[in-house]
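Novice: Supplied structure: upload_17.cif, mmCIF, C-alpha atoms.
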```cif
data_protein
#
loop_
_atom_site.label_atom_id
_atom_site.label_comp_id
_atom_site.auth_asym_id
_atom_site.auth_seq_id
_atom_site.Cartn_x
_atom_site.Cartn_y
_atom_site.Cartn_z
CA SER A 1 0.00 0.00 0.00
CA PHE A 2 1.08 3.58 -0.63
CA VAL A 3 0.11 6.85 1.02
CA LYS A 4 -2.33 8.55 -1.34
CA GLU A 5 -2.56 11.87 0.48
CA LEU A 6 -1.02 13.45 3.59
CA VAL A 7 -2.75 16.23 5.51
CA VAL A 8 -1.18 17.75 8.63
CA VAL A 9 -3.65 19.56 10.89
CA LEU A 10 -1.88 22.18 12.99
CA PRO A 11 -4.66 24.31 14.52
CA TYR A 12 -2.27 26.74 16.20
CA TYR A 13 0.97 27.76 14.51
CA PRO A 14 3.09 28.63 17.56
CA VAL A 15 5.73 30.62 15.69
CA GLY A 16 3.24 32.69 13.72
CA THR A 17 4.43 35.92 15.36
CA MET A 18 8.08 35.24 14.53
CA GLU A 19 8.04 35.71 10.78
CA ARG A 20 10.70 38.44 10.83
CA THR A 21 13.55 39.74 12.96
CA VAL A 22 14.23 43.26 14.16
CA LYS A 23 17.80 42.90 15.34
CA GLU A 24 20.91 40.87 14.58
CA GLY A 25 21.03 37.50 16.28
CA GLN A 26 17.30 36.83 16.31
CA VAL A 27 15.95 33.82 14.42
CA ALA A 28 12.78 33.95 12.32
CA THR A 29 11.50 30.67 13.76
CA ALA A 30 8.47 30.78 11.46
CA ASN A 31 10.91 30.05 8.64
CA THR A 32 12.46 27.19 10.65
CA TYR A 33 9.05 25.54 11.07
CA ALA A 34 8.26 26.07 7.40
CA GLN A 35 11.54 24.43 6.37
CA MET A 36 10.70 21.34 8.44
CA PHE A 37 7.23 21.00 6.94
CA SER A 38 8.52 21.69 3.45
CA ASN A 39 10.89 18.73 3.72
CA LEU A 40 8.34 16.09 4.73
CA PRO A 41 8.55 12.96 2.56
CA SER A 42 6.60 13.25 -0.66
CA CYS A 43 3.62 10.96 -1.25
CA GLY A 44 3.34 11.84 -4.92
CA LYS A 45 1.58 15.14 -4.43
CA PRO A 46 2.11 18.05 -2.05
CA THR A 47 1.36 17.64 1.63
CA ARG A 48 -1.43 19.89 2.83
CA LEU A 49 -0.83 21.86 6.04
CA LEU A 50 -4.12 22.95 7.62
CA ILE A 51 -3.74 25.97 9.95
CA TYR A 52 -6.38 28.10 11.66
CA ASP A 53 -6.22 31.88 11.96
CA LEU A 54 -2.51 32.17 11.28
CA HIS A 55 -1.29 35.37 12.92
CA THR A 56 0.49 36.78 9.88
CA LEU A 57 -0.68 35.45 6.53
CA GLN A 58 2.69 36.01 4.87
CA ASN A 59 3.97 32.98 6.80
CA ARG A 60 2.53 30.83 4.03
CA PHE A 61 5.21 32.08 1.64
CA TYR A 62 7.91 30.41 3.73
CA LEU A 63 6.41 27.06 2.73
CA HIS A 64 7.70 25.52 -0.47
CA GLY A 65 8.39 22.29 -2.29
CA ASN A 66 6.29 19.42 -0.95
CA VAL A 67 3.84 21.34 1.24
CA ILE A 68 0.96 23.73 0.60
CA GLY A 69 -0.52 25.89 3.34
CA SER A 70 -4.30 25.67 3.67
CA LEU A 71 -5.30 28.62 5.84
CA LYS A 72 -8.70 28.38 7.54
CA THR A 73 -10.60 30.40 10.11
CA THR A 74 -12.48 29.57 13.32
CA ILE A 75 -15.00 32.40 12.85
CA PRO A 76 -17.82 30.05 11.69
CA LEU A 77 -17.71 28.52 15.18
CA LEU A 78 -18.33 31.95 16.71
CA LEU A 79 -21.37 32.91 14.60
CA PRO A 80 -23.88 30.77 16.55
CA GLU A 81 -22.63 32.31 19.80
CA ILE A 82 -23.20 35.79 18.38
CA GLN A 83 -26.78 34.92 17.50
CA LYS A 84 -27.49 33.22 20.85
CA GLY A 85 -25.92 36.02 22.86
CA GLY A 86 -27.84 38.87 21.26
CA ILE A 87 -24.57 40.47 20.16
CA ASP A 88 -25.21 43.44 17.86
CA CYS A 89 -21.68 44.82 17.52
CA VAL A 90 -18.34 43.28 16.53
CA ALA A 91 -15.23 45.22 17.53
CA PHE A 92 -11.61 44.79 16.49
CA PRO A 93 -8.60 45.87 18.57
CA ASP A 94 -6.75 47.25 15.55
CA ASP A 95 -7.08 47.93 11.86
CA GLY A 96 -5.22 44.74 10.96
CA ALA A 97 -7.80 42.56 12.70
CA ALA A 98 -10.62 44.53 11.08
CA LYS A 99 -9.21 44.06 7.58
CA ARG A 100 -8.71 40.38 8.23
CA PHE A 101 -11.99 39.42 9.90
CA ALA A 102 -14.67 42.04 9.16
CA HIS A 103 -15.78 40.36 5.95
CA GLU A 104 -16.62 37.20 7.93
CA PHE A 105 -19.55 39.06 9.48
CA THR A 106 -21.04 40.33 6.21
CA GLY A 107 -24.76 39.69 6.19
CA LEU A 108 -25.14 39.91 9.95
CA ASP A 109 -27.02 42.86 11.36
CA VAL A 110 -24.12 44.07 13.51
CA GLU A 111 -22.29 47.34 13.99
CA ILE A 112 -18.57 47.18 13.18
CA VAL A 113 -16.23 49.09 15.49
CA THR A 114 -12.50 49.41 14.91
CA CYS A 115 -10.10 50.45 17.65
CA GLY A 116 -6.43 51.28 17.41
CA LYS A 117 -3.49 52.71 19.31
CA VAL A 118 -2.48 56.34 18.92
CA ARG A 119 0.43 58.19 20.47
CA ASP A 120 -0.43 60.54 23.34
CA GLY A 121 2.82 62.18 24.40
CA ASP A 122 5.12 59.35 25.46
CA GLU A 123 2.26 56.84 25.70
CA ARG A 124 0.27 54.83 23.20
CA LYS A 125 -3.43 54.64 24.03
CA VAL A 126 -6.29 52.64 22.55
CA THR A 127 -9.00 54.77 20.93
CA ILE A 128 -12.11 54.13 18.87
CA GLN A 129 -11.26 54.91 15.26
CA GLU A 130 -14.49 53.89 13.53
CA GLY A 131 -18.03 52.94 14.56
CA ASN A 132 -20.32 53.70 17.49
CA PRO A 133 -20.41 51.29 20.47
CA GLN A 134 -23.04 53.17 22.49
CA ASN A 135 -25.75 50.88 23.92
CA LYS A 136 -24.32 47.93 22.01
CA THR A 137 -23.71 44.35 23.13
CA ILE A 138 -20.18 43.91 21.84
CA ILE A 139 -17.74 41.11 21.14
CA ILE A 140 -14.09 41.92 20.43
CA VAL A 141 -12.55 39.56 17.86
CA ASP A 142 -8.86 38.76 17.37
CA ASP A 143 -6.78 35.79 16.29
CA LEU A 144 -4.85 35.18 19.51
CA VAL A 145 -4.37 36.46 23.02
CA GLN A 146 -1.15 36.42 25.02
CA SER A 147 -1.05 38.79 28.01
CA GLY A 148 -4.27 40.39 26.78
CA GLY A 149 -3.26 43.97 27.54
CA THR A 150 -4.62 45.41 24.29
CA LEU A 151 -7.91 43.51 24.63
CA PHE A 152 -8.31 44.85 28.15
CA GLU A 153 -7.66 48.44 27.08
CA CYS A 154 -10.03 48.04 24.14
CA ALA A 155 -12.80 46.78 26.44
CA GLN A 156 -12.30 49.70 28.82
CA VAL A 157 -12.54 52.23 25.98
CA LEU A 158 -15.71 50.60 24.61
CA LYS A 159 -17.37 50.61 28.01
CA ALA A 160 -16.41 54.22 28.57
CA ALA A 161 -18.05 55.03 25.22
CA GLY A 162 -21.36 53.54 26.39
CA ALA A 163 -21.26 49.85 25.47
CA SER A 164 -23.89 47.80 27.31
CA SER A 165 -21.58 44.81 27.70
CA VAL A 166 -18.33 43.57 26.20
CA SER A 167 -17.21 40.00 25.49
CA ALA A 168 -14.16 38.70 23.63
CA PHE A 169 -13.29 35.94 21.17
CA CYS A 170 -9.79 34.74 20.32
CA ALA A 171 -9.09 31.65 18.27
CA HIS A 172 -5.94 30.85 20.24
CA GLY A 173 -5.57 31.36 23.98
CA VAL A 174 -1.81 31.44 24.56
CA PHE A 175 -1.92 33.10 28.00
CA PRO A 176 1.73 32.61 29.11
CA LYS A 177 2.27 32.24 32.87
CA GLU A 178 -1.47 31.68 33.42
CA ALA A 179 -2.27 35.23 32.35
CA TRP A 180 -5.90 34.13 31.93
CA LYS A 181 -6.35 34.41 35.70
CA ARG A 182 -6.37 38.19 35.41
CA PHE A 183 -9.52 37.99 33.23
CA ASP A 184 -11.40 35.51 35.41
CA LYS A 185 -13.84 36.57 38.10
CA GLY A 186 -12.01 38.60 40.73
CA GLY A 187 -9.04 39.35 38.49
CA ASP A 188 -7.76 42.87 37.87
CA ARG A 189 -8.80 42.59 34.19
CA ALA A 190 -12.24 41.03 34.74
CA VAL A 191 -14.01 43.28 32.22
CA PHE A 192 -15.58 40.70 29.90
CA LYS A 193 -19.04 39.20 30.18
CA ASN A 194 -17.80 36.13 28.27
CA PHE A 195 -14.36 35.25 26.93
CA PHE A 196 -14.63 32.72 24.08
CA LEU A 197 -11.67 30.58 23.01
CA THR A 198 -11.29 27.51 20.84
CA ASN A 199 -9.42 24.52 22.23
CA SER A 200 -6.60 24.92 19.70
CA ILE A 201 -4.20 25.08 22.68
CA PRO A 202 -5.63 22.45 25.06
CA THR A 203 -2.87 22.94 27.65
CA THR A 204 -4.45 26.35 28.24
CA THR A 205 -8.15 25.59 27.86
CA ASP A 206 -8.01 22.40 29.97
CA ALA A 207 -6.79 24.52 32.89
CA LEU A 208 -9.61 27.08 32.69
CA PRO A 209 -12.18 26.95 35.51
CA LYS A 210 -15.64 25.70 34.66
CA GLY A 211 -18.60 28.03 34.97
CA GLY A 212 -16.55 31.20 34.85
CA VAL A 213 -16.13 33.88 32.24
CA PHE A 214 -14.31 31.55 29.81
CA LYS A 215 -16.31 29.61 27.22
CA VAL A 216 -14.37 27.00 25.23
CA ILE A 217 -15.58 26.18 21.72
CA ASP A 218 -14.59 22.78 20.33
CA LEU A 219 -12.57 23.19 17.14
CA MET A 220 -12.99 19.62 15.91
CA PRO A 221 -16.33 20.09 14.04
CA GLN A 222 -14.73 22.84 11.97
CA VAL A 223 -11.66 20.69 11.26
CA ILE A 224 -13.87 17.83 10.07
CA PHE A 225 -15.90 20.19 7.89
CA ASP A 226 -12.79 21.69 6.30
CA LEU A 227 -11.29 18.24 5.65
CA ASP A 228 -14.52 17.04 4.05
CA ASN A 229 -14.93 20.15 1.91
CA TYR A 230 -11.41 20.60 0.59
#
```
Write out the structure in this file as structure tokens.

Specialist:
Amino acid sequence: SFVKELVVVLPYYPVGTMERTVKEGQVATANTYAQMFSNLPSCGKPTRLLIYDLHTLQNRFYLHGNVIGSLKTTIPLLLPEIQKGGIDCVAFPDDGAAKRFAHEFTGLDVEIVTCGKVRDGDERKVTIQEGNPQNKTIIIVDDLVQSGGTLFECAQVLKAAGASSVSAFCAHGVFPKEAWKRFDKGGDRAVFKNFFLTNSIPTTTDALPKGGVFKVIDLMPQVIFDLDNY
């Protein structure tokens, strides 16, 4: 028997933020990963690498030879939660997230709000750059969360502008050093009504307390759908 097709499902690409270097001595580890995948044994046709909400889309151009990047999104898993939760506004923490994800909400009756950081003296502060959050039930959407500082600032600005409630959705919950605890009930960043994550990083989501602010969405149904509809 011979392998007819090889598909590698890598829901979270852990080096997605390291696609470039800014000083001598750093390593663009995104290229290192891509080199490894690009040199997988050939089965007669290119290997397909299935990745969800890759942080920087240009990472796909590091792949070559025997592998093709198949970039997918977890947003379809969020849409039912938007409808169930009565959410009427989708916010983005920066213009990059808006350009990347806003089209996924076309057809929904939701306000789109875009935030961004501007310089105020020696500081950079989050401001609302487009849209009106007043009296809206909002969900902030981004691809991943690490310390969550920008998400927190964004939520504070939206609430100050009159939002009724603010939730968040991130495909990948990195949360180094258990940073998620700051967003849970009683934490110093407990500003969200709900914080939705997929289980793309189970070492994080398995540690989250049940019944709290965090709501984990199973990624597997979307993986199966994308495999069946390739």

Novice: Work out how far apart CA of His55 in chain A and CA of Glu19 in chain A are and give it in Å to one decimal.

Specialist: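 Separating CA of His55 in chain A from CA of Glu19 in chain A is a distance of 9.6 Å.
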
Novice: Considering all atoms listed in the file, return as number ranges by chain whatever protein or nucleic-acid residues lie within 12 Å of Gln35 in chain A, sequence-local ones (same chain, fewer than 3 positions apart) excluded.

Specialist: A: 28-32, 38-40, 59-67

Novice: Tell me which residues the PyMOL selection byres ((chain A and resi 173) around 8) grabs here, as a ChimeraX atom specification.

Specialist: /A:144-146,170-172,174-175,197-198,200-201,204-205

Novice: Take the selection from the previous step and output its residues with C-alpha atoms, as a PDB file, in the coordinates of the input.

Specialist:
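part_30.pdb, written as the output of this step:
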```
ATOM      1  CA  LEU A 144      -4.850  35.180  19.510  1.00  0.00           C
ATOM      2  CA  VAL A 145      -4.370  36.460  23.020  1.00  0.00           C
ATOM      3  CA  GLN A 146      -1.150  36.420  25.020  1.00  0.00           C
ATOM      4  CA  CYS A 170      -9.790  34.740  20.320  1.00  0.00           C
ATOM      5  CA  ALA A 171      -9.090  31.650  18.270  1.00  0.00           C
ATOM      6  CA  HIS A 172      -5.940  30.850  20.240  1.00  0.00           C
ATOM      7  CA  VAL A 174      -1.810  31.440  24.560  1.00  0.00           C
ATOM      8  CA  PHE A 175      -1.920  33.100  28.000  1.00  0.00           C
ATOM      9  CA  LEU A 197     -11.670  30.580  23.010  1.00  0.00           C
ATOM     10  CA  THR A 198     -11.290  27.510  20.840  1.00  0.00           C
ATOM     11  CA  SER A 200      -6.600  24.920  19.700  1.00  0.00           C
ATOM     12  CA  ILE A 201      -4.200  25.080  22.680  1.00  0.00           C
ATOM     13  CA  THR A 204      -4.450  26.350  28.240  1.00  0.00           C
ATOM     14  CA  THR A 205      -8.150  25.590  27.860  1.00  0.00           C
TER      15      THR A 205
END
```

Novice: Applied to this file, what does the PyMOL selection byres ((chain A and resi 213) around 9) return in terms of residues, put as a ChimeraX atom specification?

Specialist: /A:183-185,190,192-196,209-212,214-215

Novice: For this file, the PyMOL selection byres ((chain A and resi 112) around 9) selects which residues, as a list of chain:residue names?

Specialist: A:Asp88, A:Cys89, A:Val90, A:Ala91, A:Phe92, A:Ala98, A:Ala102, A:Phe105, A:Val110, A:Glu111, A:Val113, A:Thr114, A:Glu130, A:Gly131, A:Asn132, A:Pro133

Novice: Fewer than 3 positions away in the same chain doesn't count, so skip those; otherwise give me all residues within 9 Å of Gln134 in chain A, counting only C-alpha atoms, as a list in words.

Specialist: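 The residues that qualify are Thr137, Leu158, Lys159, Ala161, Gly162, Ala163 and Ser164 of chain A.
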
Novice: Restricted to C-alpha atoms, what would the selected residues look like written as a PDB file, in the frame of the given file?

Specialist:
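New file out.pdb:
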```
ATOM      1  CA  THR A 137     -23.710  44.350  23.130  1.00  0.00           C
ATOM      2  CA  LEU A 158     -15.710  50.600  24.610  1.00  0.00           C
ATOM      3  CA  LYS A 159     -17.370  50.610  28.010  1.00  0.00           C
ATOM      4  CA  ALA A 161     -18.050  55.030  25.220  1.00  0.00           C
ATOM      5  CA  GLY A 162     -21.360  53.540  26.390  1.00  0.00           C
ATOM      6  CA  ALA A 163     -21.260  49.850  25.470  1.00  0.00           C
ATOM      7  CA  SER A 164     -23.890  47.800  27.310  1.00  0.00           C
TER       8      SER A 164
END
```

Novice: Please, what distance in Å, to one decimal, runs between CA of Leu50 in chain A and CA of Met220 in chain A?

Specialist: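 Separation between CA of Leu50 in chain A and CA of Met220 in chain A: 12.6 Å.
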
Novice: How many Å separate CA of Pro76 in chain A from CA of Thr106 in chain A?

Specialist: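 Computing it gives 12.1 Å between the two atoms.
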
Novice: So which residues fall inside 12 Å of (0.8, 22.4, 17.6) if we count all atoms listed in the file? Mind giving them as a PDB file with C-alpha atoms, in the frame of the given file?

Specialist:
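What follows is the written file selection04.pdb:
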```pdb
ATOM      1  CA  VAL A   8      -1.180  17.750   8.630  1.00  0.00           C
ATOM      2  CA  VAL A   9      -3.650  19.560  10.890  1.00  0.00           C
ATOM      3  CA  LEU A  10      -1.880  22.180  12.990  1.00  0.00           C
ATOM      4  CA  PRO A  11      -4.660  24.310  14.520  1.00  0.00           C
ATOM      5  CA  TYR A  12      -2.270  26.740  16.200  1.00  0.00           C
ATOM      6  CA  TYR A  13       0.970  27.760  14.510  1.00  0.00           C
ATOM      7  CA  PRO A  14       3.090  28.630  17.560  1.00  0.00           C
ATOM      8  CA  VAL A  15       5.730  30.620  15.690  1.00  0.00           C
ATOM      9  CA  GLY A  16       3.240  32.690  13.720  1.00  0.00           C
ATOM     10  CA  TYR A  33       9.050  25.540  11.070  1.00  0.00           C
ATOM     11  CA  LEU A  49      -0.830  21.860   6.040  1.00  0.00           C
ATOM     12  CA  LEU A  50      -4.120  22.950   7.620  1.00  0.00           C
ATOM     13  CA  ILE A  51      -3.740  25.970   9.950  1.00  0.00           C
ATOM     14  CA  TYR A  52      -6.380  28.100  11.660  1.00  0.00           C
ATOM     15  CA  HIS A 172      -5.940  30.850  20.240  1.00  0.00           C
ATOM     16  CA  VAL A 174      -1.810  31.440  24.560  1.00  0.00           C
ATOM     17  CA  ASN A 199      -9.420  24.520  22.230  1.00  0.00           C
ATOM     18  CA  SER A 200      -6.600  24.920  19.700  1.00  0.00           C
ATOM     19  CA  ILE A 201      -4.200  25.080  22.680  1.00  0.00           C
ATOM     20  CA  PRO A 202      -5.630  22.450  25.060  1.00  0.00           C
ATOM     21  CA  THR A 203      -2.870  22.940  27.650  1.00  0.00           C
TER      22      THR A 203
END
```

Novice: Determine the nearest neighbour of Asp95 in chain A from the options A:Thr17, A:Thr74, A:Gln26, A:Thr127, counting all atoms listed in the file.

Specialist: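 Answer, going by the shortest atom-to-atom distance: A:Thr127.
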
Novice: Could you check which of A:Gln222, A:Glu178, A:Ser167, A:Leu208 is closest to Glu81 in chain A, using only C-alpha atoms?

Specialist: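 Closest to Glu81 in chain A, using only C-alpha atoms: A:Ser167.
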
Novice: Which neighbours of Cys154 in chain A fall inside 7 Å, counting all atoms listed in the file, when residues of the same chain fewer than 4 positions from it are skipped, and could you give them as a ChimeraX atom specification?

Specialist: /A:93,115,126,150,158

Novice: I'd like to know which of A:Gly96, A:Gly44, A:Gly187, A:Gly107 is closest to Asp143 in chain A, using all atoms listed in the file.

Specialist: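 The answer is A:Gly96, which sits nearest to Asp143 in chain A.
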
Novice: Given the choices A:Val216, A:Leu78, A:Ala207, A:Lys72, which gets closest to Lys177 in chain A if the distance is worked out from only C-alpha atoms?

Specialist: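 Checking each candidate against Lys177 in chain A, we get A:Ala207 as the closest.
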
Novice: Can you list, as a PyMOL selection string, every protein, DNA or RNA residue that comes within 10 Å of Cys43 in chain A when you count all atoms listed in the file, leaving out same-chain residues fewer than 3 positions away?

Specialist: chain A and resi 2-6+40+46-47+66

Novice: Would you pull range 94-128 of chain A out of the block just shown and save N, CA and C atoms as a PDB file, in the first residue's frame?

Specialist:
```
ATOM      1  N   ASP A  94      -7.599  46.437  16.434  1.00  0.00           N
ATOM      2  CA  ASP A  94      -6.749  47.251  15.554  1.00  0.00           C
ATOM      3  C   ASP A  94      -7.226  47.099  14.120  1.00  0.00           C
ATOM      4  N   ASP A  95      -6.668  47.919  13.266  1.00  0.00           N
ATOM      5  CA  ASP A  95      -7.085  47.928  11.857  1.00  0.00           C
ATOM      6  C   ASP A  95      -6.729  46.627  11.154  1.00  0.00           C
ATOM      7  N   GLY A  96      -5.618  46.000  11.576  1.00  0.00           N
ATOM      8  CA  GLY A  96      -5.225  44.740  10.961  1.00  0.00           C
ATOM      9  C   GLY A  96      -6.252  43.655  11.180  1.00  0.00           C
ATOM     10  N   ALA A  97      -6.766  43.553  12.404  1.00  0.00           N
ATOM     11  CA  ALA A  97      -7.801  42.559  12.704  1.00  0.00           C
ATOM     12  C   ALA A  97      -9.081  42.857  11.940  1.00  0.00           C
ATOM     13  N   ALA A  98      -9.417  44.149  11.811  1.00  0.00           N
ATOM     14  CA  ALA A  98     -10.621  44.533  11.077  1.00  0.00           C
ATOM     15  C   ALA A  98     -10.527  44.132   9.607  1.00  0.00           C
ATOM     16  N   LYS A  99      -9.384  44.415   8.989  1.00  0.00           N
ATOM     17  CA  LYS A  99      -9.213  44.062   7.579  1.00  0.00           C
ATOM     18  C   LYS A  99      -9.253  42.557   7.376  1.00  0.00           C
ATOM     19  N   ARG A 100      -8.792  41.835   8.369  1.00  0.00           N
ATOM     20  CA  ARG A 100      -8.710  40.381   8.229  1.00  0.00           C
ATOM     21  C   ARG A 100     -10.044  39.678   8.470  1.00  0.00           C
ATOM     22  N   PHE A 101     -10.813  40.161   9.461  1.00  0.00           N
ATOM     23  CA  PHE A 101     -11.991  39.415   9.898  1.00  0.00           C
ATOM     24  C   PHE A 101     -13.333  40.071   9.590  1.00  0.00           C
ATOM     25  N   ALA A 102     -13.379  41.358   9.302  1.00  0.00           N
ATOM     26  CA  ALA A 102     -14.668  42.040   9.165  1.00  0.00           C
ATOM     27  C   ALA A 102     -15.561  41.400   8.111  1.00  0.00           C
ATOM     28  N   HIS A 103     -14.959  40.932   7.019  1.00  0.00           N
ATOM     29  CA  HIS A 103     -15.778  40.355   5.945  1.00  0.00           C
ATOM     30  C   HIS A 103     -16.482  39.072   6.375  1.00  0.00           C
ATOM     31  N   GLU A 104     -15.985  38.431   7.451  1.00  0.00           N
ATOM     32  CA  GLU A 104     -16.618  37.198   7.926  1.00  0.00           C
ATOM     33  C   GLU A 104     -18.003  37.461   8.530  1.00  0.00           C
ATOM     34  N   PHE A 105     -18.287  38.718   8.841  1.00  0.00           N
ATOM     35  CA  PHE A 105     -19.554  39.063   9.483  1.00  0.00           C
ATOM     36  C   PHE A 105     -20.505  39.771   8.519  1.00  0.00           C
ATOM     37  N   THR A 106     -20.157  39.758   7.234  1.00  0.00           N
ATOM     38  CA  THR A 106     -21.040  40.328   6.215  1.00  0.00           C
ATOM     39  C   THR A 106     -22.372  39.585   6.209  1.00  0.00           C
ATOM     40  N   GLY A 107     -23.440  40.320   6.176  1.00  0.00           N
ATOM     41  CA  GLY A 107     -24.760  39.694   6.186  1.00  0.00           C
ATOM     42  C   GLY A 107     -25.400  39.652   7.555  1.00  0.00           C
ATOM     43  N   LEU A 108     -24.594  39.826   8.613  1.00  0.00           N
ATOM     44  CA  LEU A 108     -25.144  39.907   9.953  1.00  0.00           C
ATOM     45  C   LEU A 108     -25.525  41.356  10.255  1.00  0.00           C
ATOM     46  N   ASP A 109     -26.575  41.527  11.005  1.00  0.00           N
ATOM     47  CA  ASP A 109     -27.025  42.863  11.364  1.00  0.00           C
ATOM     48  C   ASP A 109     -26.261  43.338  12.596  1.00  0.00           C
ATOM     49  N   VAL A 110     -24.974  43.652  12.402  1.00  0.00           N
ATOM     50  CA  VAL A 110     -24.118  44.072  13.510  1.00  0.00           C
ATOM     51  C   VAL A 110     -23.358  45.336  13.137  1.00  0.00           C
ATOM     52  N   GLU A 111     -23.151  46.174  14.133  1.00  0.00           N
ATOM     53  CA  GLU A 111     -22.285  47.344  13.987  1.00  0.00           C
ATOM     54  C   GLU A 111     -20.823  46.874  14.005  1.00  0.00           C
ATOM     55  N   ILE A 112     -19.999  47.484  13.186  1.00  0.00           N
ATOM     56  CA  ILE A 112     -18.566  47.179  13.183  1.00  0.00           C
ATOM     57  C   ILE A 112     -17.823  48.362  13.803  1.00  0.00           C
ATOM     58  N   VAL A 113     -17.023  48.068  14.826  1.00  0.00           N
ATOM     59  CA  VAL A 113     -16.232  49.093  15.493  1.00  0.00           C
ATOM     60  C   VAL A 113     -14.759  48.709  15.387  1.00  0.00           C
ATOM     61  N   THR A 114     -13.940  49.647  15.005  1.00  0.00           N
ATOM     62  CA  THR A 114     -12.504  49.414  14.911  1.00  0.00           C
ATOM     63  C   THR A 114     -11.769  50.315  15.892  1.00  0.00           C
ATOM     64  N   CYS A 115     -10.937  49.700  16.719  1.00  0.00           N
ATOM     65  CA  CYS A 115     -10.095  50.454  17.653  1.00  0.00           C
ATOM     66  C   CYS A 115      -8.661  50.493  17.124  1.00  0.00           C
ATOM     67  N   GLY A 116      -7.829  51.214  17.803  1.00  0.00           N
ATOM     68  CA  GLY A 116      -6.427  51.283  17.414  1.00  0.00           C
ATOM     69  C   GLY A 116      -5.652  52.121  18.410  1.00  0.00           C
ATOM     70  N   LYS A 117      -4.344  51.959  18.394  1.00  0.00           N
ATOM     71  CA  LYS A 117      -3.491  52.715  19.306  1.00  0.00           C
ATOM     72  C   LYS A 117      -2.976  53.972  18.627  1.00  0.00           C
ATOM     73  N   VAL A 118      -3.037  55.074  19.387  1.00  0.00           N
ATOM     74  CA  VAL A 118      -2.484  56.342  18.915  1.00  0.00           C
ATOM     75  C   VAL A 118      -1.513  56.864  19.970  1.00  0.00           C
ATOM     76  N   ARG A 119      -0.556  57.641  19.534  1.00  0.00           N
ATOM     77  CA  ARG A 119       0.427  58.187  20.472  1.00  0.00           C
ATOM     78  C   ARG A 119      -0.132  59.417  21.177  1.00  0.00           C
ATOM     79  N   ASP A 120      -0.018  59.409  22.499  1.00  0.00           N
ATOM     80  CA  ASP A 120      -0.429  60.539  23.336  1.00  0.00           C
ATOM     81  C   ASP A 120       0.759  60.915  24.212  1.00  0.00           C
ATOM     82  N   GLY A 121       1.573  61.862  23.719  1.00  0.00           N
ATOM     83  CA  GLY A 121       2.816  62.183  24.404  1.00  0.00           C
ATOM     84  C   GLY A 121       3.778  61.013  24.296  1.00  0.00           C
ATOM     85  N   ASP A 122       4.205  60.493  25.441  1.00  0.00           N
ATOM     86  CA  ASP A 122       5.116  59.348  25.459  1.00  0.00           C
ATOM     87  C   ASP A 122       4.375  58.018  25.530  1.00  0.00           C
ATOM     88  N   GLU A 123       3.047  58.064  25.560  1.00  0.00           N
ATOM     89  CA  GLU A 123       2.260  56.839  25.700  1.00  0.00           C
ATOM     90  C   GLU A 123       1.508  56.530  24.415  1.00  0.00           C
ATOM     91  N   ARG A 124       1.140  55.257  24.285  1.00  0.00           N
ATOM     92  CA  ARG A 124       0.270  54.834  23.197  1.00  0.00           C
ATOM     93  C   ARG A 124      -1.033  54.336  23.818  1.00  0.00           C
ATOM     94  N   LYS A 125      -2.140  54.948  23.440  1.00  0.00           N
ATOM     95  CA  LYS A 125      -3.431  54.636  24.033  1.00  0.00           C
ATOM     96  C   LYS A 125      -4.390  54.088  22.987  1.00  0.00           C
ATOM     97  N   VAL A 126      -5.272  53.186  23.425  1.00  0.00           N
ATOM     98  CA  VAL A 126      -6.294  52.636  22.546  1.00  0.00           C
ATOM     99  C   VAL A 126      -7.433  53.634  22.424  1.00  0.00           C
ATOM    100  N   THR A 127      -7.856  53.897  21.197  1.00  0.00           N
ATOM    101  CA  THR A 127      -8.996  54.773  20.935  1.00  0.00           C
ATOM    102  C   THR A 127      -9.930  54.103  19.934  1.00  0.00           C
ATOM    103  N   ILE A 128     -11.153  54.593  19.874  1.00  0.00           N
ATOM    104  CA  ILE A 128     -12.108  54.127  18.866  1.00  0.00           C
ATOM    105  C   ILE A 128     -11.871  54.928  17.595  1.00  0.00           C
TER     106      ILE A 128
END
```
